[in-house]
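Chemist: The structure file work.csv (CSV, C-alpha atoms) is provided below.
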```csv
chain,number,residue,atom,x,y,z
C,1,MET,CA,33.9,-68.2,-0.4
C,2,PHE,CA,33.4,-69.0,3.3
C,3,TYR,CA,35.2,-71.6,5.4
C,4,ILE,CA,34.1,-73.1,8.7
C,5,LEU,CA,37.0,-74.5,10.7
C,6,HIS,CA,35.6,-75.9,14.0
C,7,GLY,CA,36.7,-78.1,16.8
C,8,GLU,CA,38.9,-78.2,19.9
C,9,ASP,CA,42.2,-78.9,18.0
C,10,GLU,CA,43.5,-75.3,17.8
C,11,PHE,CA,46.8,-76.4,16.2
C,12,SER,CA,45.2,-78.1,13.2
C,13,ARG,CA,42.7,-75.3,12.8
C,14,SER,CA,45.6,-72.8,12.6
C,15,GLU,CA,47.4,-75.0,10.1
C,16,ALA,CA,44.3,-75.0,7.9
C,17,LEU,CA,44.1,-71.3,8.1
C,18,ASP,CA,47.7,-71.0,7.1
C,19,LYS,CA,47.0,-73.1,4.0
C,20,ILE,CA,44.2,-70.7,3.1
C,21,ARG,CA,46.5,-67.8,3.5
C,22,ALA,CA,49.2,-69.4,1.4
C,23,LYS,CA,46.9,-69.8,-1.5
C,24,MET,CA,46.1,-66.1,-1.5
C,25,GLY,CA,49.5,-65.0,-2.8
C,26,ASP,CA,52.2,-62.6,-1.6
C,27,PRO,CA,52.2,-62.9,2.3
C,28,SER,CA,52.9,-59.2,2.7
C,29,MET,CA,49.8,-58.3,0.7
C,30,VAL,CA,47.7,-60.9,2.4
C,31,SER,CA,48.7,-59.3,5.7
C,32,LEU,CA,47.6,-55.9,4.5
C,33,ASN,CA,44.2,-57.3,3.4
C,34,THR,CA,43.4,-59.3,6.5
C,35,THR,CA,40.8,-58.4,9.1
C,36,ARG,CA,40.2,-60.2,12.3
C,37,LEU,CA,36.8,-59.9,14.1
C,38,ASP,CA,35.7,-61.0,17.5
C,39,GLY,CA,32.6,-63.1,17.0
C,40,LYS,CA,31.3,-62.3,20.5
C,41,LYS,CA,31.0,-58.6,19.7
C,42,VAL,CA,30.8,-58.2,15.9
C,43,SER,CA,27.6,-57.0,14.4
C,44,LEU,CA,26.2,-58.1,11.0
C,45,SER,CA,26.8,-54.7,9.5
C,46,GLU,CA,30.5,-54.7,10.6
C,47,LEU,CA,30.9,-58.1,9.2
C,48,ARG,CA,29.3,-57.2,5.9
C,49,HIS,CA,31.4,-54.0,5.6
C,50,ALA,CA,34.6,-56.0,6.1
C,51,CYS,CA,33.6,-58.6,3.5
C,52,GLU,CA,32.6,-56.0,0.9
C,53,THR,CA,35.6,-53.7,1.3
C,54,ILE,CA,37.6,-53.8,-2.0
C,55,PRO,CA,41.0,-55.5,-1.7
C,56,PHE,CA,44.1,-53.2,-1.7
C,57,MET,CA,46.5,-53.9,-4.6
C,58,THR,CA,45.6,-57.6,-4.7
C,59,LYS,CA,42.7,-59.8,-5.8
C,60,ARG,CA,41.3,-61.0,-2.5
C,61,ARG,CA,40.7,-60.1,1.1
C,62,LEU,CA,40.8,-62.4,4.1
C,63,ILE,CA,38.3,-62.0,6.9
C,64,ILE,CA,38.7,-64.1,10.0
C,65,VAL,CA,35.9,-64.2,12.6
C,66,GLU,CA,36.6,-66.0,15.8
C,67,ASP,CA,33.8,-67.9,17.7
C,68,LEU,CA,30.7,-66.5,16.1
C,69,LEU,CA,28.9,-69.6,15.0
C,70,VAL,CA,29.6,-71.5,18.3
C,71,HIS,CA,28.3,-68.4,20.1
C,72,PHE,CA,25.1,-68.7,18.2
C,73,ALA,CA,24.8,-72.4,19.2
C,74,SER,CA,25.4,-71.6,22.9
C,75,ARG,CA,22.3,-71.0,25.1
C,76,ALA,CA,24.3,-68.5,27.1
C,77,GLY,CA,25.5,-66.8,23.9
C,78,ARG,CA,23.9,-64.5,21.3
C,79,GLY,CA,21.8,-67.3,19.9
C,80,GLU,CA,19.1,-66.8,22.5
C,81,GLY,CA,16.5,-64.2,21.8
C,82,ALA,CA,15.0,-62.5,18.8
C,83,ALA,CA,18.1,-60.4,18.0
C,84,GLY,CA,20.4,-63.4,18.0
C,85,LYS,CA,18.0,-65.4,15.8
C,86,ALA,CA,17.6,-62.6,13.4
C,87,PHE,CA,21.4,-62.2,13.1
C,88,SER,CA,21.8,-65.9,12.4
C,89,LYS,CA,19.0,-65.9,9.8
C,90,GLU,CA,20.4,-62.8,8.0
C,91,LEU,CA,23.9,-64.2,8.0
C,92,LEU,CA,22.7,-67.5,6.5
C,93,GLU,CA,21.1,-65.5,3.7
C,94,TYR,CA,24.2,-63.3,3.2
C,95,LEU,CA,26.9,-66.0,2.9
C,96,PRO,CA,25.8,-67.3,-0.6
C,97,THR,CA,26.2,-63.7,-1.8
C,98,LEU,CA,29.7,-63.1,-0.6
C,99,PRO,CA,31.9,-61.2,-3.1
C,100,GLU,CA,34.3,-63.3,-5.1
C,101,SER,CA,37.1,-61.2,-3.7
C,102,THR,CA,36.5,-62.3,-0.1
C,103,ALA,CA,37.6,-65.3,1.8
C,104,LEU,CA,35.6,-65.4,5.0
C,105,VAL,CA,36.9,-67.8,7.7
C,106,PHE,CA,35.0,-68.8,10.7
C,107,LEU,CA,37.4,-70.1,13.4
C,108,GLU,CA,35.3,-71.9,16.0
C,109,SER,CA,37.0,-73.2,19.2
C,110,SER,CA,34.4,-75.9,19.7
C,111,SER,CA,32.8,-78.4,17.4
C,112,LEU,CA,29.4,-77.5,15.9
C,113,GLY,CA,26.6,-80.0,15.9
C,114,ALA,CA,26.1,-82.1,12.8
C,115,LYS,CA,22.7,-80.4,12.2
C,116,ASN,CA,24.1,-76.9,12.5
C,117,ALA,CA,22.5,-74.6,9.9
C,118,PHE,CA,25.8,-73.1,8.8
C,119,LEU,CA,27.4,-76.5,8.3
C,120,SER,CA,24.3,-77.6,6.3
C,121,LEU,CA,24.7,-74.5,4.1
C,122,ALA,CA,28.4,-75.2,3.5
C,123,ARG,CA,27.5,-78.7,2.4
C,124,LYS,CA,24.7,-77.4,0.2
C,125,ILE,CA,26.7,-74.8,-1.7
C,126,LYS,CA,30.1,-76.6,-2.0
C,127,ASP,CA,31.3,-74.1,-4.6
C,128,LYS,CA,31.0,-71.3,-2.1
C,129,GLY,CA,31.3,-73.0,1.3
C,130,TYR,CA,33.7,-75.4,3.0
C,131,ALA,CA,33.6,-76.9,6.5
C,132,ARG,CA,35.9,-79.2,8.4
C,133,GLU,CA,35.9,-80.4,12.0
C,134,TYR,CA,39.1,-80.6,14.0
C,135,PRO,CA,38.3,-82.6,17.2
C,136,ILE,CA,40.8,-83.6,19.9
C,137,LEU,CA,42.4,-86.8,18.6
C,138,SER,CA,41.7,-90.2,20.3
C,139,SER,CA,44.7,-92.2,21.6
C,140,ASP,CA,45.0,-94.3,18.4
C,141,ARG,CA,44.6,-91.3,16.1
C,142,LEU,CA,47.1,-89.3,18.0
C,143,THR,CA,49.7,-92.1,17.7
C,144,ASP,CA,49.0,-92.3,14.0
C,145,TRP,CA,49.4,-88.5,13.8
C,146,ILE,CA,52.7,-88.6,15.5
C,147,VAL,CA,54.1,-91.3,13.2
C,148,LYS,CA,53.0,-89.3,10.1
C,149,ARG,CA,54.3,-86.0,11.5
C,150,VAL,CA,57.7,-87.5,12.2
C,151,ARG,CA,57.8,-88.9,8.7
C,152,GLN,CA,57.1,-85.4,7.3
C,153,LYS,CA,60.0,-84.1,9.3
C,154,GLY,CA,62.3,-86.6,7.6
C,155,ALA,CA,62.7,-89.2,10.4
C,156,ARG,CA,60.9,-92.3,11.8
C,157,ILE,CA,59.5,-93.2,15.2
C,158,GLU,CA,59.0,-96.6,16.8
C,159,ALA,CA,55.4,-97.4,17.7
C,160,ALA,CA,56.2,-97.8,21.4
C,161,ALA,CA,57.9,-94.4,21.4
C,162,ALA,CA,54.9,-92.8,19.7
C,163,ARG,CA,52.6,-94.2,22.4
C,164,GLU,CA,54.9,-93.1,25.2
C,165,LEU,CA,55.1,-89.6,23.7
C,166,ALA,CA,51.3,-89.4,23.4
C,167,THR,CA,51.0,-90.1,27.1
C,168,TYR,CA,53.9,-87.8,28.1
C,169,VAL,CA,52.8,-84.7,26.2
C,170,GLY,CA,49.0,-85.1,26.0
C,171,ARG,CA,46.6,-83.9,23.3
C,172,GLY,CA,48.0,-80.4,22.6
C,173,LEU,CA,49.3,-80.8,19.1
C,174,ARG,CA,51.1,-77.5,19.1
C,175,VAL,CA,53.3,-78.6,22.1
C,176,MET,CA,53.5,-82.1,20.5
C,177,ASP,CA,54.9,-80.6,17.3
C,178,GLN,CA,57.5,-78.7,19.2
C,179,GLU,CA,58.6,-81.9,20.9
C,180,LEU,CA,58.7,-83.7,17.6
C,181,GLU,CA,60.9,-81.0,16.2
C,182,LYS,CA,63.3,-81.4,19.1
C,183,LEU,CA,63.3,-85.2,18.7
C,184,THR,CA,63.8,-85.3,15.0
C,185,THR,CA,66.6,-82.7,15.1
C,186,TYR,CA,68.3,-84.9,17.7
C,187,VAL,CA,68.2,-88.1,15.7
C,188,GLY,CA,68.8,-86.4,12.4
C,189,HIS,CA,67.5,-87.0,8.9
C,190,ASP,CA,66.4,-90.7,8.4
C,191,GLY,CA,67.0,-91.3,12.1
C,192,ILE,CA,64.7,-93.3,14.3
C,193,VAL,CA,63.1,-91.9,17.5
C,194,THR,CA,62.9,-94.6,20.2
C,195,THR,CA,61.6,-94.6,23.7
C,196,ARG,CA,65.1,-93.8,24.9
C,197,GLU,CA,65.0,-90.4,23.1
C,198,VAL,CA,61.5,-89.7,24.4
C,199,LEU,CA,62.5,-90.3,28.0
C,200,LEU,CA,65.8,-88.4,27.5
C,201,LEU,CA,64.5,-85.3,25.8
C,202,VAL,CA,60.8,-84.9,26.6
C,203,SER,CA,59.5,-83.5,29.9
C,204,PRO,CA,56.2,-85.0,30.9
C,205,THR,CA,53.2,-82.7,31.5
C,206,TRP,CA,51.8,-82.5,35.0
C,207,GLU,CA,48.9,-84.7,33.9
C,208,ALA,CA,51.2,-87.2,32.4
C,209,ASN,CA,53.2,-87.5,35.6
C,210,ILE,CA,50.0,-88.1,37.6
C,211,PHE,CA,48.8,-90.6,35.0
C,212,HIS,CA,52.1,-92.5,35.1
C,213,MET,CA,52.1,-92.5,38.8
C,214,VAL,CA,48.6,-94.0,39.0
C,215,ASP,CA,49.7,-96.6,36.5
C,216,ALA,CA,52.7,-97.5,38.7
C,217,LEU,CA,50.5,-97.7,41.8
C,218,GLY,CA,48.1,-100.1,40.0
C,219,GLU,CA,51.0,-102.2,38.8
C,220,ARG,CA,52.6,-102.3,42.3
C,221,ARG,CA,55.8,-100.6,41.1
C,222,THR,CA,56.4,-98.7,44.3
C,223,ARG,CA,59.8,-97.3,43.4
C,224,ARG,CA,58.6,-96.0,40.1
C,225,ALA,CA,55.6,-94.3,41.8
C,226,LEU,CA,57.8,-92.7,44.4
C,227,GLN,CA,60.2,-91.5,41.7
C,228,LEU,CA,57.3,-89.8,39.8
C,229,LEU,CA,56.0,-88.3,43.1
C,230,HIS,CA,59.4,-86.7,43.9
C,231,ARG,CA,59.8,-85.5,40.3
C,232,LEU,CA,56.6,-83.4,40.9
C,233,LEU,CA,57.9,-82.2,44.2
C,234,ASP,CA,61.2,-81.3,42.6
C,235,TYR,CA,59.2,-79.1,40.2
C,236,GLN,CA,58.0,-77.2,43.3
C,237,GLU,CA,54.5,-78.6,43.0
C,238,PRO,CA,52.7,-78.1,46.3
C,239,PRO,CA,52.0,-81.5,48.1
C,240,LEU,CA,48.3,-80.7,48.5
C,241,ARG,CA,47.9,-80.0,44.8
C,242,ILE,CA,49.6,-83.3,44.0
C,243,LEU,CA,47.2,-85.0,46.5
C,244,ALA,CA,44.2,-83.3,44.9
C,245,MET,CA,45.2,-84.5,41.4
C,246,ILE,CA,45.7,-88.0,42.6
C,247,THR,CA,42.4,-87.9,44.4
C,248,ARG,CA,40.7,-86.6,41.3
C,249,GLN,CA,42.2,-89.4,39.1
C,250,PHE,CA,41.1,-92.1,41.5
C,251,ARG,CA,37.6,-90.6,41.7
C,252,MET,CA,37.3,-90.8,38.0
C,253,ILE,CA,38.7,-94.4,37.9
C,254,MET,CA,36.2,-95.4,40.6
C,255,GLN,CA,33.2,-93.8,38.8
C,256,TYR,CA,34.3,-95.6,35.5
C,257,ARG,CA,34.7,-98.9,37.3
C,258,GLN,CA,31.3,-98.7,39.0
C,259,LEU,CA,29.5,-97.8,35.8
C,260,ARG,CA,31.4,-100.5,33.9
C,261,ASP,CA,30.5,-103.1,36.5
C,262,GLU,CA,26.9,-102.1,36.1
C,263,GLY,CA,27.1,-103.1,32.5
C,264,ARG,CA,27.1,-99.6,31.0
C,265,SER,CA,28.5,-99.1,27.5
C,266,THR,CA,31.4,-96.8,26.8
C,267,GLU,CA,29.0,-94.2,25.2
C,268,GLN,CA,26.8,-94.3,28.3
C,269,ILE,CA,29.8,-93.9,30.6
C,270,GLN,CA,30.9,-90.9,28.6
C,271,GLU,CA,27.5,-89.3,28.9
C,272,ILE,CA,26.9,-90.0,32.6
C,273,ALA,CA,30.5,-89.0,33.6
C,274,GLY,CA,30.4,-85.9,31.3
C,275,ILE,CA,33.7,-87.0,29.7
C,276,HIS,CA,33.6,-86.2,26.0
C,277,GLN,CA,37.2,-87.0,25.1
C,278,ARG,CA,37.6,-90.7,24.1
C,279,PHE,CA,41.3,-90.8,25.1
C,280,ILE,CA,40.4,-90.0,28.7
C,281,ILE,CA,37.9,-92.9,28.7
C,282,ASP,CA,40.7,-95.2,27.2
C,283,LYS,CA,43.0,-94.2,30.0
C,284,LEU,CA,40.4,-94.8,32.7
C,285,SER,CA,39.5,-98.2,31.2
C,286,ARG,CA,43.2,-99.3,31.4
C,287,GLN,CA,43.7,-98.0,34.9
C,288,ALA,CA,40.4,-99.4,36.2
C,289,GLY,CA,41.6,-102.9,35.3
C,290,ASN,CA,44.3,-102.6,38.0
C,291,PHE,CA,41.8,-102.2,40.9
C,292,SER,CA,38.7,-103.8,42.1
C,293,LEU,CA,35.8,-101.5,43.1
C,294,PRO,CA,36.2,-102.3,46.9
C,295,GLN,CA,40.0,-101.4,46.5
C,296,LEU,CA,39.1,-98.2,44.8
C,297,ARG,CA,36.7,-97.2,47.5
C,298,ASP,CA,39.3,-98.0,50.2
C,299,ILE,CA,41.9,-95.9,48.4
C,300,TYR,CA,39.6,-93.0,47.9
C,301,ARG,CA,38.7,-93.0,51.6
C,302,ARG,CA,42.4,-93.1,52.5
C,303,LEU,CA,43.1,-90.2,50.2
C,304,LEU,CA,40.5,-88.1,52.0
C,305,GLU,CA,42.0,-89.1,55.4
C,306,VAL,CA,45.5,-88.1,54.3
C,307,ASP,CA,44.1,-84.8,53.1
C,308,GLN,CA,42.7,-84.1,56.5
C,309,GLN,CA,46.0,-85.2,58.2
C,310,ILE,CA,48.0,-82.8,56.2
C,311,LYS,CA,45.6,-79.9,56.5
C,312,THR,CA,45.4,-80.3,60.3
C,313,GLY,CA,49.1,-80.6,60.7
C,314,ARG,CA,49.1,-84.1,62.0
C,315,MET,CA,51.5,-85.3,59.3
C,316,ASP,CA,54.3,-83.8,57.4
C,317,PRO,CA,53.0,-83.4,53.8
C,318,ILE,CA,55.9,-85.0,51.9
C,319,LEU,CA,56.1,-87.9,54.4
C,320,ALA,CA,52.3,-88.4,54.2
C,321,LEU,CA,52.5,-88.6,50.4
C,322,ASP,CA,55.4,-91.1,50.5
C,323,LEU,CA,53.5,-93.3,52.9
C,324,LEU,CA,50.4,-93.1,50.9
C,325,VAL,CA,52.2,-94.1,47.7
C,326,VAL,CA,53.7,-97.1,49.4
C,327,GLU,CA,50.4,-98.1,50.9
C,328,VAL,CA,48.4,-97.9,47.7
C,329,SER,CA,51.0,-99.6,45.5
C,330,ARG,CA,51.2,-102.5,48.0
C,331,ARG,CA,47.5,-102.5,48.7
C,332,ARG,CA,47.9,-103.2,52.4
C,333,ALA,CA,47.8,-101.4,55.7
C,334,LEU,CA,49.7,-98.1,56.1
C,335,PRO,CA,53.4,-98.9,56.5
C,336,THR,CA,55.4,-97.6,59.4
C,337,ARG,CA,57.7,-94.6,59.1
C,338,SER,CA,60.8,-96.9,59.2
C,339,SER,CA,59.5,-99.3,56.5
C,340,ALA,CA,58.7,-96.4,54.1
C,341,GLN,CA,62.2,-94.9,54.7
C,342,ARG,CA,63.8,-98.2,53.9
C,343,ILE,CA,62.0,-98.3,50.5
C,344,LEU,CA,62.9,-94.6,49.8
C,345,SER,CA,66.6,-95.2,50.6
C,346,SER,CA,66.9,-98.5,48.7
```
With the file now loaded, output its structure as structure tokens.
Modeler:
Amino acid sequence: MFYILHGEDEFSRSEALDKIRAKMGDPSMVSLNTTRLDGKKVSLSELRHACETIPFMTKRRLIIVEDLLVHFASRAGRGEGAAGKAFSKELLEYLPTLPESTALVFLESSSLGAKNAFLSLARKIKDKGYAREYPILSSDRLTDWIVKRVRQKGARIEAAAARELATYVGRGLRVMDQELEKLTTYVGHDGIVTTREVLLLVSPTWEANIFHMVDALGERRTRRALQLLHRLLDYQEPPLRILAMITRQFRMIMQYRQLRDEGRSTEQIQEIAGIHQRFIIDKLSRQAGNFSLPQLRDIYRRLLEVDQQIKTGRMDPILALDLLVVEVSRRRALPTRSSAQRILSS
């Protein structure tokens, strides 16, 4: 039987592979009868040889091929040209004839198109083929996943805490699962994870800090924005890198706001902006509501000015970022050095 596990969610793909392994019996024997192949390099003859090798002291063999089918689908990959097309055609003809003793798993790091020939084959011969997509979860689906995962670990989590955790950690489910293990161990069996535990135990990712900072700027929470800025500085993040990430975020917000003001649909915005993850669009939608388009243009120009001031040595980098945060959060002219220092010391 062959399996196609495709999509950007590496953690869920790995869990699905683990379930396939678990069904094959004694883990030590499964390990002895497992072969991994690089889909970018493997030939059809190598793949067939691996699939047709007789299992050693067990009933089945596991063959794992990484990124072969997605490589066929890529214009830059082996799918271009006569050789690539012949390989694809012969593999499609071979899969229905796989030995009963072989479990062939295609691990694909990107989603395959709905019309992909290999997915169509898996749907057509369900007794010999299986396919499932594991995309990056949207904000709502990620929150639901967190709630269910915490329940599986013997605890509960408040909805607000789940949403906060989703923003803090991001979409990487492997890291998320590690954080959930930490939180559920802390609250104990049947315990409840609240926002307090999330803030206490979970370190926000770089992107989460930037996202929260931009949120604070839009909501005019100057002190909170400054706290997040200095948390990044305390982590030894270079000021120019912080400024670049803030600039990138505001550029995306401005593009979203402009397209939305033009009456574009969410799907059109995703296509024009080249943003395929729905959760990023959700974040931009929320943040764009805090600013008008003229305000965003002014902020973006100011970010570029500050970048020049730092690079030319006209301003101290940390002071420049402090003043910038105060200016943007208050949406008025650049404050004086003394007024910024009063806010920082208050």
Chemist: Have a look at CA of Met315 (chain C) and CA of Phe211 (chain C) and let me know their distance in Å, one decimal.
Modeler: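 Value for the CA of Met315 (chain C)-CA of Phe211 (chain C) distance: 25.0 Å.
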Chemist: If we count all atoms listed in the file and set the cut-off at 10 Å, which residues sit around Gly129 (chain C), ignoring sequence neighbours fewer than 2 positions away in its own chain? Please answer as a ChimeraX atom specification.
Modeler: /C:1-4,95-96,103-105,118-127,131
Chemist: At what distance in Å, to one decimal, does CA of Ile281 (chain C) lie from CA of Leu69 (chain C)?
Modeler: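 Separation of CA of Leu69 (chain C) and CA of Ile281 (chain C): 28.5 Å.
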Chemist: Have a look at C:Asp215, C:Glu52, C:Glu108, C:Asp67 and name the one nearest to Tyr94 (chain C); count only C-alpha atoms.
Modeler: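 Closest to Tyr94 (chain C), using only C-alpha atoms: C:Glu52.
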Chemist: The residues within 12 Å of (24.5, -78.3, 17.7), using all atoms listed in the file and the coordinates of the file, should be reported as a CSV table (one decimal) with C-alpha atoms, in the frame of the given file; which are they?
Modeler:
```csv
chain,number,residue,atom,x,y,z
C,6,HIS,CA,35.6,-75.9,14.0
C,69,LEU,CA,28.9,-69.6,15.0
C,70,VAL,CA,29.6,-71.5,18.3
C,71,HIS,CA,28.3,-68.4,20.1
C,72,PHE,CA,25.1,-68.7,18.2
C,73,ALA,CA,24.8,-72.4,19.2
C,74,SER,CA,25.4,-71.6,22.9
C,75,ARG,CA,22.3,-71.0,25.1
C,79,GLY,CA,21.8,-67.3,19.9
C,110,SER,CA,34.4,-75.9,19.7
C,111,SER,CA,32.8,-78.4,17.4
C,112,LEU,CA,29.4,-77.5,15.9
C,113,GLY,CA,26.6,-80.0,15.9
C,114,ALA,CA,26.1,-82.1,12.8
C,115,LYS,CA,22.7,-80.4,12.2
C,116,ASN,CA,24.1,-76.9,12.5
C,117,ALA,CA,22.5,-74.6,9.9
C,118,PHE,CA,25.8,-73.1,8.8
C,119,LEU,CA,27.4,-76.5,8.3
C,120,SER,CA,24.3,-77.6,6.3
```
Chemist: Write out as a list in words which residues come within 9 Å of Thr102 (chain C) when counting all atoms listed in the file, dropping same-chain ones fewer than 5 positions away.
Modeler: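 The neighbour list is Met1, Phe2, Cys51, Glu52, Thr53, Ile54, Pro55, Lys59, Arg60, Arg61, Leu62 and Ile63 of chain C.
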Chemist: Measure the distance from CA of Ala225 (chain C) to CA of Glu197 (chain C) in Å and round it to one decimal.
Modeler: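 If I compute the distance from CA of Ala225 (chain C) to CA of Glu197 (chain C), I get 21.3 Å.
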Chemist: So which residues are close to (27.3, -97.0, 33.1), meaning at most 6 Å away in the file's coordinates with only C-alpha atoms counted, and can you show them as a list in words?
Modeler: Leu259, Arg260, Glu262, Arg264, Gln268 and Ile269 of chain C
Chemist: For Pro239 (chain C), which residue among C:Ile157, C:Leu47, C:Leu321, C:Val147 is the nearest when counting only C-alpha atoms?
Modeler: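 When distances to Pro239 (chain C) are compared using only C-alpha atoms, the smallest one comes from C:Leu321.
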Chemist: Which residues of region 188-294 of chain C come within 7 Å of region 158-172 of chain C, and for each one, what is the closest pair of atoms and their distance in Å to one decimal, counting all atoms listed in the file, sorted by chain and residue number, as a tab-separated table?
Modeler:
```
residue	atom	partner	partner_atom	distance
C:Val193	CA	C:Glu158	CA	6.3
C:Thr194	CA	C:Ala161	CA	5.1
C:Thr195	CA	C:Ala161	CA	4.4
C:Val198	CA	C:Leu165	CA	6.4
C:Pro204	CA	C:Tyr168	CA	4.6
C:Thr205	CA	C:Val169	CA	5.7
C:Ala208	CA	C:Tyr168	CA	5.1
```
Chemist: With all atoms listed in the file as the counted atoms, please give the residues lying no more than 9 Å from Ile210 (chain C), apart from itself and same-chain residues fewer than 2 positions off, as a list in words.
Modeler: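 Result of the neighbour search: Thr205, Trp206, Glu207, Ala208, His212, Met213, Val214, Asp215, Leu228, Leu229, Leu232, Ile242, Met245, Ile246 and Gln249 of chain C.
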Chemist: Smallest atom-to-atom distance to Ala83 (chain C): which of C:Leu217, C:Leu98, C:Ala22, C:Leu44, using all atoms listed in the file?
Modeler: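 Among the listed residues, C:Leu44 lies closest to Ala83 (chain C).
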Chemist: Using only C-alpha atoms, which residues sit within 12 Å of Leu173 (chain C) once same-chain residues fewer than 4 positions away are excluded, as a ChimeraX atom specification?
Modeler: /C:8-15,134-137,141-143,145-146,149,165-166,169,177-181
